[in-house]
Amino acid sequence: MRFFNSNGVSIAYIDVMPDEGHGDPILLIHGFASNHAVNWVNTLWVKTLTKAGYRVVAFDNRGHGESEKIYDPAAYNSFVMAEDARRLLDHLGIEKADVMGYSMGARITAHMALAAPERMRSALLGGLGIHLVDGVGLPLGIADAMEVPSLDDLTDPMQRMFRAFAEQTRSDLKALAACIRGTRQSLTEDQVASITLPTLVSVGTKDDVAGSGHELVKLMPNATALDIPGRDHNLAVGDRTHKQGVLEFLSRRP
């Protein structure tokens with residue numbers, strides 16, 4: 001792991017060169033309660049992309065993985081987290097990158113597309129559809145789930161799922177609770193319509209968290225929807241169809 005200072009916050013990241021040549025960089029932004037390894041390395045995304053000739057940069061969001069833990073919800077505003085991504089590009093001297101996020105990472109990617117579109121070749125939104133507009137991220141009950149003494153204290157299926165995942169990834173539960181409470185920014189239809197970057201919206205057909213990818217694409221001037229057949233929110237990220245669709249999209253974008 002490498003580290004850099006993002007306006008006073010220590011952010012951990014990896015920077016992996018392609019198998020051959022000096023390919024275009026792609027920045028990967030993971031989802032809630034995950035980290036770069038769980039979301040992108042273990043699912044073989046890093047291997048897939050470097051083999052295809054891309055330089056892969058992935059980082060642990062603030063409050064996650066090896067990055068600094070913060071317990072103030074205000075520190076997790078989606079635009080603030082998007083600034084971490086932009087500053088990492090600055091730190092590495094990367095002028096432009098494709099940016100791919102999953103779930104919360106897709107929400108951050110969309111906010112980056114509003115705040116710093118000149119730094120992006122494209123936006124790839126995985127595990128997030130129309131809930132970018134008509135939702136505010138995961139339910140606040142997920143924050144409560146991070147604060148109960150034990151998984152056994154929970155009965156709600158979604159609360160149990162995210163608490164179990166957070167424990168599996170050995171996350172800082174207090175930091176995750178702050179993150180859920182702070183990263184609750186949706187975008188308006190007008191804001192989404194103003195994103196003119198080539199955009200891919202990839203959602204599993206059994207995903208009950210993301211909202212419809214096709215409904216989101218209808219609002220965007222330069223977006224394509226990718227269905228990931230038979231996959232729910234957790235399994236869609238590393239799916240073969242997802243990888244194939246992303247590689248095809250990257251090969252077509254300017």
# chains A, B, ... in the order shown; residues from 1 in each chain; ligands from 1

call {"tool": "residues_around", "arguments": {"residues": "A:Gly211", "least_positions_apart": "4", "cutoff": "8 Å", "atoms": "only C-alpha atoms", "output": "list in words"}}
result
Leu128, Gly129, Ile130, His131 and Asp207 of chain A

call {"tool": "residues_around", "arguments": {"residues": "A:Ala143", "least_positions_apart": "3", "cutoff": "7 Å", "atoms": "only C-alpha atoms", "output": "list of chain:residue names"}}
result
A:Leu140, A:Met146, A:Glu147, A:Ala177, A:Ile180, A:Arg181

call {"tool": "write_last_selection", "arguments": {"atoms": "all heavy atoms", "output": "PDB file, in the first residue's frame"}}
result
ATOM      1  N   LEU A 140     -30.726   4.815   6.658  1.00  0.00           N
ATOM      2  CA  LEU A 140     -30.050   5.223   7.894  1.00  0.00           C
ATOM      3  C   LEU A 140     -29.963   4.079   8.896  1.00  0.00           C
ATOM      4  O   LEU A 140     -29.083   4.064   9.755  1.00  0.00           O
ATOM      5  CB  LEU A 140     -30.782   6.408   8.526  1.00  0.00           C
ATOM      6  CG  LEU A 140     -30.329   7.802   8.099  1.00  0.00           C
ATOM      7  CD1 LEU A 140     -31.191   8.861   8.747  1.00  0.00           C
ATOM      8  CD2 LEU A 140     -28.853   8.025   8.442  1.00  0.00           C
ATOM      9  N   MET A 146     -24.491  -0.679  12.535  1.00  0.00           N
ATOM     10  CA  MET A 146     -23.064  -0.684  12.841  1.00  0.00           C
ATOM     11  C   MET A 146     -22.810  -0.460  14.332  1.00  0.00           C
ATOM     12  O   MET A 146     -21.717  -0.755  14.828  1.00  0.00           O
ATOM     13  CB  MET A 146     -22.346   0.418  12.043  1.00  0.00           C
ATOM     14  CG  MET A 146     -22.422   0.240  10.539  1.00  0.00           C
ATOM     15  SD  MET A 146     -21.642  -1.282   9.965  1.00  0.00           S
ATOM     16  CE  MET A 146     -22.808  -1.782   8.687  1.00  0.00           C
ATOM     17  N   GLU A 147     -23.817   0.040  15.030  1.00  0.00           N
ATOM     18  CA  GLU A 147     -23.605   0.461  16.417  1.00  0.00           C
ATOM     19  C   GLU A 147     -24.181  -0.504  17.455  1.00  0.00           C
ATOM     20  O   GLU A 147     -23.924  -0.336  18.648  1.00  0.00           O
ATOM     21  CB  GLU A 147     -24.200   1.857  16.607  1.00  0.00           C
ATOM     22  CG  GLU A 147     -23.475   2.909  15.768  1.00  0.00           C
ATOM     23  CD  GLU A 147     -24.100   4.288  15.853  1.00  0.00           C
ATOM     24  OE1 GLU A 147     -25.332   4.382  16.006  1.00  0.00           O
ATOM     25  OE2 GLU A 147     -23.340   5.277  15.739  1.00  0.00           O
ATOM     26  N   ALA A 177     -20.580   4.006  10.507  1.00  0.00           N
ATOM     27  CA  ALA A 177     -21.823   4.668  10.909  1.00  0.00           C
ATOM     28  C   ALA A 177     -21.790   6.145  10.538  1.00  0.00           C
ATOM     29  O   ALA A 177     -22.771   6.704  10.025  1.00  0.00           O
ATOM     30  CB  ALA A 177     -22.052   4.490  12.408  1.00  0.00           C
ATOM     31  N   ILE A 180     -22.269   6.479   6.668  1.00  0.00           N
ATOM     32  CA  ILE A 180     -23.655   6.363   6.225  1.00  0.00           C
ATOM     33  C   ILE A 180     -24.432   7.650   6.502  1.00  0.00           C
ATOM     34  O   ILE A 180     -25.219   8.121   5.684  1.00  0.00           O
ATOM     35  CB  ILE A 180     -24.343   5.180   6.938  1.00  0.00           C
ATOM     36  CG1 ILE A 180     -23.902   3.860   6.297  1.00  0.00           C
ATOM     37  CG2 ILE A 180     -25.868   5.295   6.873  1.00  0.00           C
ATOM     38  CD1 ILE A 180     -24.462   3.627   4.912  1.00  0.00           C
ATOM     39  N   ARG A 181     -24.188   8.230   7.649  1.00  0.00           N
ATOM     40  CA  ARG A 181     -24.921   9.441   8.020  1.00  0.00           C
ATOM     41  C   ARG A 181     -24.456  10.654   7.213  1.00  0.00           C
ATOM     42  O   ARG A 181     -25.210  11.623   7.058  1.00  0.00           O
ATOM     43  CB  ARG A 181     -24.767   9.696   9.517  1.00  0.00           C
ATOM     44  CG  ARG A 181     -25.454   8.623  10.361  1.00  0.00           C
ATOM     45  CD  ARG A 181     -25.471   8.951  11.844  1.00  0.00           C
ATOM     46  NE  ARG A 181     -26.295   7.980  12.561  1.00  0.00           N
ATOM     47  CZ  ARG A 181     -25.817   7.060  13.395  1.00  0.00           C
ATOM     48  NH1 ARG A 181     -24.522   7.008  13.654  1.00  0.00           N
ATOM     49  NH2 ARG A 181     -26.635   6.201  13.991  1.00  0.00           N
TER      50      ARG A 181
END

call {"tool": "select_by_dssp", "arguments": {"residues": "stretch 84-240 of chain A", "states": "strand (DSSP E)", "output": "VMD selection string"}}
result
chain A and resid 97 to 102 120 to 126 199 to 204 223 to 228

call {"tool": "write_last_selection", "arguments": {"atoms": "C-alpha atoms", "output": "mmCIF file, in the first residue's frame"}}
result
data_model
loop_
_atom_site.group_PDB
_atom_site.id
_atom_site.type_symbol
_atom_site.label_atom_id
_atom_site.label_comp_id
_atom_site.auth_asym_id
_atom_site.auth_seq_id
_atom_site.Cartn_x
_atom_site.Cartn_y
_atom_site.Cartn_z
ATOM 1 C CA ALA A 97 -8.707 8.908 -16.073
ATOM 2 C CA ASP A 98 -11.674 6.693 -16.594
ATOM 3 C CA VAL A 99 -13.387 6.520 -13.191
ATOM 4 C CA MET A 100 -15.321 3.434 -12.130
ATOM 5 C CA GLY A 101 -17.219 3.190 -8.863
ATOM 6 C CA TYR A 102 -19.440 0.553 -7.342
ATOM 7 C CA MET A 120 -12.430 12.166 -16.423
ATOM 8 C CA ARG A 121 -12.528 10.337 -19.737
ATOM 9 C CA SER A 122 -15.640 8.455 -18.718
ATOM 10 C CA ALA A 123 -17.805 7.537 -15.735
ATOM 11 C CA LEU A 124 -18.676 3.930 -14.950
ATOM 12 C CA LEU A 125 -21.446 3.547 -12.383
ATOM 13 C CA GLY A 126 -21.835 0.026 -11.042
ATOM 14 C CA THR A 199 -21.194 6.834 -18.998
ATOM 15 C CA LEU A 200 -21.880 3.158 -18.370
ATOM 16 C CA VAL A 201 -24.530 2.201 -15.796
ATOM 17 C CA SER A 202 -24.204 -1.459 -14.751
ATOM 18 C CA VAL A 203 -26.791 -3.045 -12.454
ATOM 19 C CA GLY A 204 -27.588 -6.654 -11.593
ATOM 20 C CA ALA A 223 -25.090 6.922 -21.129
ATOM 21 C CA THR A 224 -25.531 3.206 -21.779
ATOM 22 C CA ALA A 225 -27.175 0.616 -19.531
ATOM 23 C CA LEU A 226 -25.636 -2.793 -18.870
ATOM 24 C CA ASP A 227 -27.760 -5.516 -17.301
ATOM 25 C CA ILE A 228 -25.848 -8.082 -15.244
#

call {"tool": "residues_around", "arguments": {"residues": "A:Arg62", "least_positions_apart": "4", "cutoff": "8 Å", "atoms": "only C-alpha atoms", "output": "PyMOL selection string"}}
result
chain A and resi 9-11+67-70+76+81

call {"tool": "write_last_selection", "arguments": {"atoms": "N, CA and C atoms", "output": "PDB file, in the first residue's frame"}}
result
ATOM      1  N   VAL A   9      -6.087  14.250   5.342  1.00  0.00           N
ATOM      2  CA  VAL A   9      -6.571  12.888   5.594  1.00  0.00           C
ATOM      3  C   VAL A   9      -5.665  11.889   4.869  1.00  0.00           C
ATOM      4  N   SER A  10      -5.181  10.892   5.582  1.00  0.00           N
ATOM      5  CA  SER A  10      -4.300   9.887   4.996  1.00  0.00           C
ATOM      6  C   SER A  10      -5.125   8.869   4.210  1.00  0.00           C
ATOM      7  N   ILE A  11      -4.815   8.766   2.917  1.00  0.00           N
ATOM      8  CA  ILE A  11      -5.545   7.867   2.020  1.00  0.00           C
ATOM      9  C   ILE A  11      -4.582   6.806   1.480  1.00  0.00           C
ATOM     10  N   SER A  67      -7.128   3.466   5.030  1.00  0.00           N
ATOM     11  CA  SER A  67      -7.188   4.924   5.078  1.00  0.00           C
ATOM     12  C   SER A  67      -7.622   5.400   6.461  1.00  0.00           C
ATOM     13  N   GLU A  68      -7.436   6.697   6.679  1.00  0.00           N
ATOM     14  CA  GLU A  68      -7.700   7.267   8.001  1.00  0.00           C
ATOM     15  C   GLU A  68      -9.178   7.169   8.357  1.00  0.00           C
ATOM     16  N   LYS A  69      -9.442   6.881   9.632  1.00  0.00           N
ATOM     17  CA  LYS A  69     -10.807   6.771  10.126  1.00  0.00           C
ATOM     18  C   LYS A  69     -11.237   8.112  10.727  1.00  0.00           C
ATOM     19  N   ILE A  70     -12.406   8.570  10.331  1.00  0.00           N
ATOM     20  CA  ILE A  70     -12.962   9.835  10.797  1.00  0.00           C
ATOM     21  C   ILE A  70     -14.360   9.549  11.330  1.00  0.00           C
ATOM     22  N   TYR A  76     -17.862  12.975   5.356  1.00  0.00           N
ATOM     23  CA  TYR A  76     -18.178  11.956   4.356  1.00  0.00           C
ATOM     24  C   TYR A  76     -19.156  12.448   3.291  1.00  0.00           C
ATOM     25  N   MET A  81     -15.676  13.295  -0.598  1.00  0.00           N
ATOM     26  CA  MET A  81     -15.040  12.025  -0.957  1.00  0.00           C
ATOM     27  C   MET A  81     -14.594  12.030  -2.419  1.00  0.00           C
TER      28      MET A  81
END

call {"tool": "residues_around", "arguments": {"residues": "A:Phe32", "least_positions_apart": "6", "cutoff": "8 Å", "atoms": "only C-alpha atoms", "output": "list in words"}}
result
Ser103, Met104, Gly105 and Leu176 of chain A

call {"tool": "write_last_selection", "arguments": {"atoms": "all heavy atoms", "output": "CSV table (one decimal), in the first residue's frame"}}
result
chain,number,residue,atom,x,y,z
A,103,SER,N,-21.6,1.0,-6.2
A,103,SER,CA,-22.5,1.3,-5.1
A,103,SER,C,-22.1,2.7,-4.6
A,103,SER,O,-22.2,3.7,-5.3
A,103,SER,CB,-22.4,0.2,-4.1
A,103,SER,OG,-23.4,0.3,-3.1
A,104,MET,N,-21.7,2.8,-3.3
A,104,MET,CA,-21.3,4.1,-2.8
A,104,MET,C,-20.2,4.8,-3.7
A,104,MET,O,-20.2,6.0,-3.9
A,104,MET,CB,-20.8,4.0,-1.4
A,104,MET,CG,-20.4,5.4,-0.8
A,104,MET,SD,-19.7,5.2,0.9
A,104,MET,CE,-18.1,4.6,0.5
A,105,GLY,N,-19.3,3.9,-4.2
A,105,GLY,CA,-18.3,4.4,-5.1
A,105,GLY,C,-18.8,5.0,-6.4
A,105,GLY,O,-18.3,5.9,-6.9
A,176,LEU,N,-17.9,3.6,9.9
A,176,LEU,CA,-18.9,3.3,8.9
A,176,LEU,C,-20.2,4.0,9.2
A,176,LEU,O,-21.0,4.4,8.3
A,176,LEU,CB,-19.1,1.8,8.8
A,176,LEU,CG,-17.9,1.0,8.2
A,176,LEU,CD1,-18.3,-0.4,8.0
A,176,LEU,CD2,-17.4,1.6,6.9

call {"tool": "closest_residue", "arguments": {"among": "A:Asn77, A:Asn5, A:Thr183, A:Gln168", "to": "A:Leu92", "atoms": "only C-alpha atoms"}}
result
A:Asn5

call {"tool": "residues_around", "arguments": {"residues": "A:Arg231", "least_positions_apart": "2", "cutoff": "8 Å", "atoms": "only C-alpha atoms", "output": "list of chain:residue names"}}
result
A:Gly204, A:Thr205, A:Lys206, A:Asp207, A:Ile228, A:Pro229, A:His233, A:Asn234, A:Leu235, A:Ala236, A:Asp239

call {"tool": "write_last_selection", "arguments": {"atoms": "N, CA, C and O atoms", "output": "PDB file, in the first residue's frame"}}
result
ATOM      1  N   GLY A 204     -27.117  -5.280 -11.569  1.00  0.00           N
ATOM      2  CA  GLY A 204     -27.588  -6.654 -11.593  1.00  0.00           C
ATOM      3  C   GLY A 204     -29.098  -6.718 -11.708  1.00  0.00           C
ATOM      4  O   GLY A 204     -29.822  -5.892 -11.145  1.00  0.00           O
ATOM      5  N   THR A 205     -29.601  -7.715 -12.422  1.00  0.00           N
ATOM      6  CA  THR A 205     -31.045  -7.815 -12.624  1.00  0.00           C
ATOM      7  C   THR A 205     -31.776  -8.214 -11.342  1.00  0.00           C
ATOM      8  O   THR A 205     -33.005  -8.068 -11.255  1.00  0.00           O
ATOM      9  N   LYS A 206     -31.049  -8.690 -10.349  1.00  0.00           N
ATOM     10  CA  LYS A 206     -31.657  -9.026  -9.063  1.00  0.00           C
ATOM     11  C   LYS A 206     -31.221  -8.062  -7.960  1.00  0.00           C
ATOM     12  O   LYS A 206     -31.383  -8.358  -6.780  1.00  0.00           O
ATOM     13  N   ASP A 207     -30.679  -6.913  -8.349  1.00  0.00           N
ATOM     14  CA  ASP A 207     -30.206  -5.912  -7.387  1.00  0.00           C
ATOM     15  C   ASP A 207     -31.401  -5.141  -6.831  1.00  0.00           C
ATOM     16  O   ASP A 207     -32.100  -4.453  -7.582  1.00  0.00           O
ATOM     17  N   ILE A 228     -26.692  -6.973 -15.682  1.00  0.00           N
ATOM     18  CA  ILE A 228     -25.848  -8.082 -15.244  1.00  0.00           C
ATOM     19  C   ILE A 228     -26.794  -9.204 -14.818  1.00  0.00           C
ATOM     20  O   ILE A 228     -27.352  -9.171 -13.720  1.00  0.00           O
ATOM     21  N   PRO A 229     -27.015 -10.190 -15.692  1.00  0.00           N
ATOM     22  CA  PRO A 229     -28.109 -11.156 -15.494  1.00  0.00           C
ATOM     23  C   PRO A 229     -27.951 -12.002 -14.233  1.00  0.00           C
ATOM     24  O   PRO A 229     -26.866 -12.529 -13.949  1.00  0.00           O
ATOM     25  N   HIS A 233     -26.955  -7.295  -5.641  1.00  0.00           N
ATOM     26  CA  HIS A 233     -26.044  -6.175  -5.414  1.00  0.00           C
ATOM     27  C   HIS A 233     -24.632  -6.642  -5.068  1.00  0.00           C
ATOM     28  O   HIS A 233     -23.646  -6.046  -5.504  1.00  0.00           O
ATOM     29  N   ASN A 234     -24.536  -7.697  -4.297  1.00  0.00           N
ATOM     30  CA  ASN A 234     -23.215  -8.159  -3.847  1.00  0.00           C
ATOM     31  C   ASN A 234     -22.472  -8.946  -4.920  1.00  0.00           C
ATOM     32  O   ASN A 234     -21.244  -8.855  -5.023  1.00  0.00           O
ATOM     33  N   LEU A 235     -23.197  -9.714  -5.716  1.00  0.00           N
ATOM     34  CA  LEU A 235     -22.535 -10.607  -6.673  1.00  0.00           C
ATOM     35  C   LEU A 235     -22.287  -9.960  -8.033  1.00  0.00           C
ATOM     36  O   LEU A 235     -21.460 -10.453  -8.804  1.00  0.00           O
ATOM     37  N   ALA A 236     -22.976  -8.864  -8.324  1.00  0.00           N
ATOM     38  CA  ALA A 236     -22.834  -8.249  -9.649  1.00  0.00           C
ATOM     39  C   ALA A 236     -21.443  -7.676  -9.875  1.00  0.00           C
ATOM     40  O   ALA A 236     -20.949  -7.661 -10.998  1.00  0.00           O
ATOM     41  N   ASP A 239     -18.892 -10.017 -11.594  1.00  0.00           N
ATOM     42  CA  ASP A 239     -19.457 -10.902 -12.605  1.00  0.00           C
ATOM     43  C   ASP A 239     -18.735 -10.779 -13.949  1.00  0.00           C
ATOM     44  O   ASP A 239     -18.287  -9.702 -14.342  1.00  0.00           O
TER      45      ASP A 239
END

call {"tool": "residues_around", "arguments": {"residues": "A:Phe165", "least_positions_apart": "3", "cutoff": "10 Å", "atoms": "only C-alpha atoms", "output": "PyMOL selection string"}}
result
chain A and resi 32-34+159-162+168-171+234

call {"tool": "write_last_selection", "arguments": {"atoms": "N, CA and C atoms", "output": "PDB file, in the first residue's frame"}}
result
ATOM      1  N   PHE A  32     -19.465   0.936   0.060  1.00  0.00           N
ATOM      2  CA  PHE A  32     -19.560   1.053   1.513  1.00  0.00           C
ATOM      3  C   PHE A  32     -19.148  -0.243   2.201  1.00  0.00           C
ATOM      4  N   ALA A  33     -18.360  -0.086   3.280  1.00  0.00           N
ATOM      5  CA  ALA A  33     -17.897  -1.190   4.135  1.00  0.00           C
ATOM      6  C   ALA A  33     -16.919  -2.114   3.427  1.00  0.00           C
ATOM      7  N   SER A  34     -16.533  -1.764   2.215  1.00  0.00           N
ATOM      8  CA  SER A  34     -15.567  -2.565   1.473  1.00  0.00           C
ATOM      9  C   SER A  34     -14.204  -1.898   1.550  1.00  0.00           C
ATOM     10  N   GLN A 159     -30.008  -4.860   7.254  1.00  0.00           N
ATOM     11  CA  GLN A 159     -29.116  -4.491   8.350  1.00  0.00           C
ATOM     12  C   GLN A 159     -28.144  -5.630   8.661  1.00  0.00           C
ATOM     13  N   ARG A 160     -28.664  -6.831   8.707  1.00  0.00           N
ATOM     14  CA  ARG A 160     -27.809  -7.992   8.997  1.00  0.00           C
ATOM     15  C   ARG A 160     -26.764  -8.190   7.902  1.00  0.00           C
ATOM     16  N   MET A 161     -27.178  -8.009   6.640  1.00  0.00           N
ATOM     17  CA  MET A 161     -26.262  -8.212   5.519  1.00  0.00           C
ATOM     18  C   MET A 161     -25.076  -7.255   5.599  1.00  0.00           C
ATOM     19  N   PHE A 162     -25.363  -5.971   5.825  1.00  0.00           N
ATOM     20  CA  PHE A 162     -24.277  -4.990   5.833  1.00  0.00           C
ATOM     21  C   PHE A 162     -23.424  -5.092   7.099  1.00  0.00           C
ATOM     22  N   GLN A 168     -16.897  -8.915   8.236  1.00  0.00           N
ATOM     23  CA  GLN A 168     -16.057  -9.745   7.374  1.00  0.00           C
ATOM     24  C   GLN A 168     -14.859  -8.960   6.853  1.00  0.00           C
ATOM     25  N   THR A 169     -15.064  -7.689   6.525  1.00  0.00           N
ATOM     26  CA  THR A 169     -13.975  -6.855   6.009  1.00  0.00           C
ATOM     27  C   THR A 169     -13.169  -6.186   7.139  1.00  0.00           C
ATOM     28  N   ARG A 170     -13.513  -6.526   8.392  1.00  0.00           N
ATOM     29  CA  ARG A 170     -12.806  -6.008   9.566  1.00  0.00           C
ATOM     30  C   ARG A 170     -12.791  -4.476   9.588  1.00  0.00           C
ATOM     31  N   SER A 171     -13.932  -3.922   9.265  1.00  0.00           N
ATOM     32  CA  SER A 171     -14.049  -2.467   9.184  1.00  0.00           C
ATOM     33  C   SER A 171     -14.208  -1.832  10.558  1.00  0.00           C
ATOM     34  N   ASN A 234     -24.536  -7.697  -4.297  1.00  0.00           N
ATOM     35  CA  ASN A 234     -23.215  -8.159  -3.847  1.00  0.00           C
ATOM     36  C   ASN A 234     -22.472  -8.946  -4.920  1.00  0.00           C
TER      37      ASN A 234
END

call {"tool": "closest_residue", "arguments": {"among": "A:Ala166, A:Ile108, A:Leu88, A:Ala52", "to": "A:Gly23", "atoms": "only C-alpha atoms"}}
result
A:Ala52

call {"tool": "decode", "arguments": {"residues": "stretch 205-214 of chain A", "atoms": "all heavy atoms", "output": "PDB file, in the first residue's frame"}}
result
ATOM      1  N   THR A 205     -29.601  -7.715 -12.422  1.00  0.00           N
ATOM      2  CA  THR A 205     -31.045  -7.815 -12.624  1.00  0.00           C
ATOM      3  C   THR A 205     -31.776  -8.214 -11.342  1.00  0.00           C
ATOM      4  O   THR A 205     -33.005  -8.068 -11.255  1.00  0.00           O
ATOM      5  CB  THR A 205     -31.369  -8.839 -13.726  1.00  0.00           C
ATOM      6  OG1 THR A 205     -30.837 -10.122 -13.365  1.00  0.00           O
ATOM      7  CG2 THR A 205     -30.778  -8.400 -15.066  1.00  0.00           C
ATOM      8  N   LYS A 206     -31.049  -8.690 -10.349  1.00  0.00           N
ATOM      9  CA  LYS A 206     -31.657  -9.026  -9.063  1.00  0.00           C
ATOM     10  C   LYS A 206     -31.221  -8.062  -7.960  1.00  0.00           C
ATOM     11  O   LYS A 206     -31.383  -8.358  -6.780  1.00  0.00           O
ATOM     12  CB  LYS A 206     -31.313 -10.464  -8.671  1.00  0.00           C
ATOM     13  CG  LYS A 206     -31.944 -11.516  -9.577  1.00  0.00           C
ATOM     14  CD  LYS A 206     -31.682 -12.931  -9.057  1.00  0.00           C
ATOM     15  CE  LYS A 206     -32.391 -13.971  -9.918  1.00  0.00           C
ATOM     16  NZ  LYS A 206     -32.163 -15.356  -9.411  1.00  0.00           N
ATOM     17  N   ASP A 207     -30.679  -6.913  -8.349  1.00  0.00           N
ATOM     18  CA  ASP A 207     -30.206  -5.912  -7.387  1.00  0.00           C
ATOM     19  C   ASP A 207     -31.401  -5.141  -6.831  1.00  0.00           C
ATOM     20  O   ASP A 207     -32.100  -4.453  -7.582  1.00  0.00           O
ATOM     21  CB  ASP A 207     -29.227  -4.951  -8.080  1.00  0.00           C
ATOM     22  CG  ASP A 207     -28.510  -4.015  -7.115  1.00  0.00           C
ATOM     23  OD1 ASP A 207     -29.106  -3.675  -6.074  1.00  0.00           O
ATOM     24  OD2 ASP A 207     -27.380  -3.622  -7.413  1.00  0.00           O
ATOM     25  N   ASP A 208     -31.643  -5.250  -5.515  1.00  0.00           N
ATOM     26  CA  ASP A 208     -32.745  -4.518  -4.894  1.00  0.00           C
ATOM     27  C   ASP A 208     -32.254  -3.305  -4.112  1.00  0.00           C
ATOM     28  O   ASP A 208     -32.984  -2.726  -3.312  1.00  0.00           O
ATOM     29  CB  ASP A 208     -33.557  -5.444  -3.975  1.00  0.00           C
ATOM     30  CG  ASP A 208     -32.719  -6.083  -2.878  1.00  0.00           C
ATOM     31  OD1 ASP A 208     -31.506  -5.807  -2.810  1.00  0.00           O
ATOM     32  OD2 ASP A 208     -33.282  -6.866  -2.088  1.00  0.00           O
ATOM     33  N   VAL A 209     -31.003  -2.894  -4.344  1.00  0.00           N
ATOM     34  CA  VAL A 209     -30.413  -1.739  -3.664  1.00  0.00           C
ATOM     35  C   VAL A 209     -30.247  -0.558  -4.616  1.00  0.00           C
ATOM     36  O   VAL A 209     -30.476   0.593  -4.239  1.00  0.00           O
ATOM     37  CB  VAL A 209     -29.046  -2.114  -3.043  1.00  0.00           C
ATOM     38  CG1 VAL A 209     -28.363  -0.887  -2.445  1.00  0.00           C
ATOM     39  CG2 VAL A 209     -29.214  -3.210  -1.987  1.00  0.00           C
ATOM     40  N   ALA A 210     -29.887  -0.833  -5.873  1.00  0.00           N
ATOM     41  CA  ALA A 210     -29.425   0.207  -6.800  1.00  0.00           C
ATOM     42  C   ALA A 210     -30.543   1.051  -7.408  1.00  0.00           C
ATOM     43  O   ALA A 210     -30.347   2.231  -7.698  1.00  0.00           O
ATOM     44  CB  ALA A 210     -28.612  -0.426  -7.930  1.00  0.00           C
ATOM     45  N   GLY A 211     -31.703   0.468  -7.631  1.00  0.00           N
ATOM     46  CA  GLY A 211     -32.695   1.116  -8.468  1.00  0.00           C
ATOM     47  C   GLY A 211     -32.391   0.851  -9.933  1.00  0.00           C
ATOM     48  O   GLY A 211     -31.300   0.398 -10.294  1.00  0.00           O
ATOM     49  N   SER A 212     -33.334   1.133 -10.803  1.00  0.00           N
ATOM     50  CA  SER A 212     -33.209   0.797 -12.219  1.00  0.00           C
ATOM     51  C   SER A 212     -32.071   1.552 -12.908  1.00  0.00           C
ATOM     52  O   SER A 212     -32.025   2.786 -12.880  1.00  0.00           O
ATOM     53  CB  SER A 212     -34.526   1.104 -12.940  1.00  0.00           C
ATOM     54  OG  SER A 212     -34.358   1.037 -14.335  1.00  0.00           O
ATOM     55  N   GLY A 213     -31.184   0.800 -13.544  1.00  0.00           N
ATOM     56  CA  GLY A 213     -30.140   1.427 -14.343  1.00  0.00           C
ATOM     57  C   GLY A 213     -30.704   2.075 -15.590  1.00  0.00           C
ATOM     58  O   GLY A 213     -30.248   3.145 -16.014  1.00  0.00           O
ATOM     59  N   HIS A 214     -31.712   1.467 -16.189  1.00  0.00           N
ATOM     60  CA  HIS A 214     -32.293   2.000 -17.420  1.00  0.00           C
ATOM     61  C   HIS A 214     -32.990   3.333 -17.164  1.00  0.00           C
ATOM     62  O   HIS A 214     -32.937   4.233 -18.012  1.00  0.00           O
ATOM     63  CB  HIS A 214     -33.267   0.980 -18.015  1.00  0.00           C
ATOM     64  CG  HIS A 214     -32.586  -0.241 -18.558  1.00  0.00           C
ATOM     65  ND1 HIS A 214     -32.148  -0.341 -19.866  1.00  0.00           N
ATOM     66  CD2 HIS A 214     -32.247  -1.403 -17.949  1.00  0.00           C
ATOM     67  CE1 HIS A 214     -31.581  -1.527 -20.050  1.00  0.00           C
ATOM     68  NE2 HIS A 214     -31.626  -2.194 -18.904  1.00  0.00           N
TER      69      HIS A 214
END
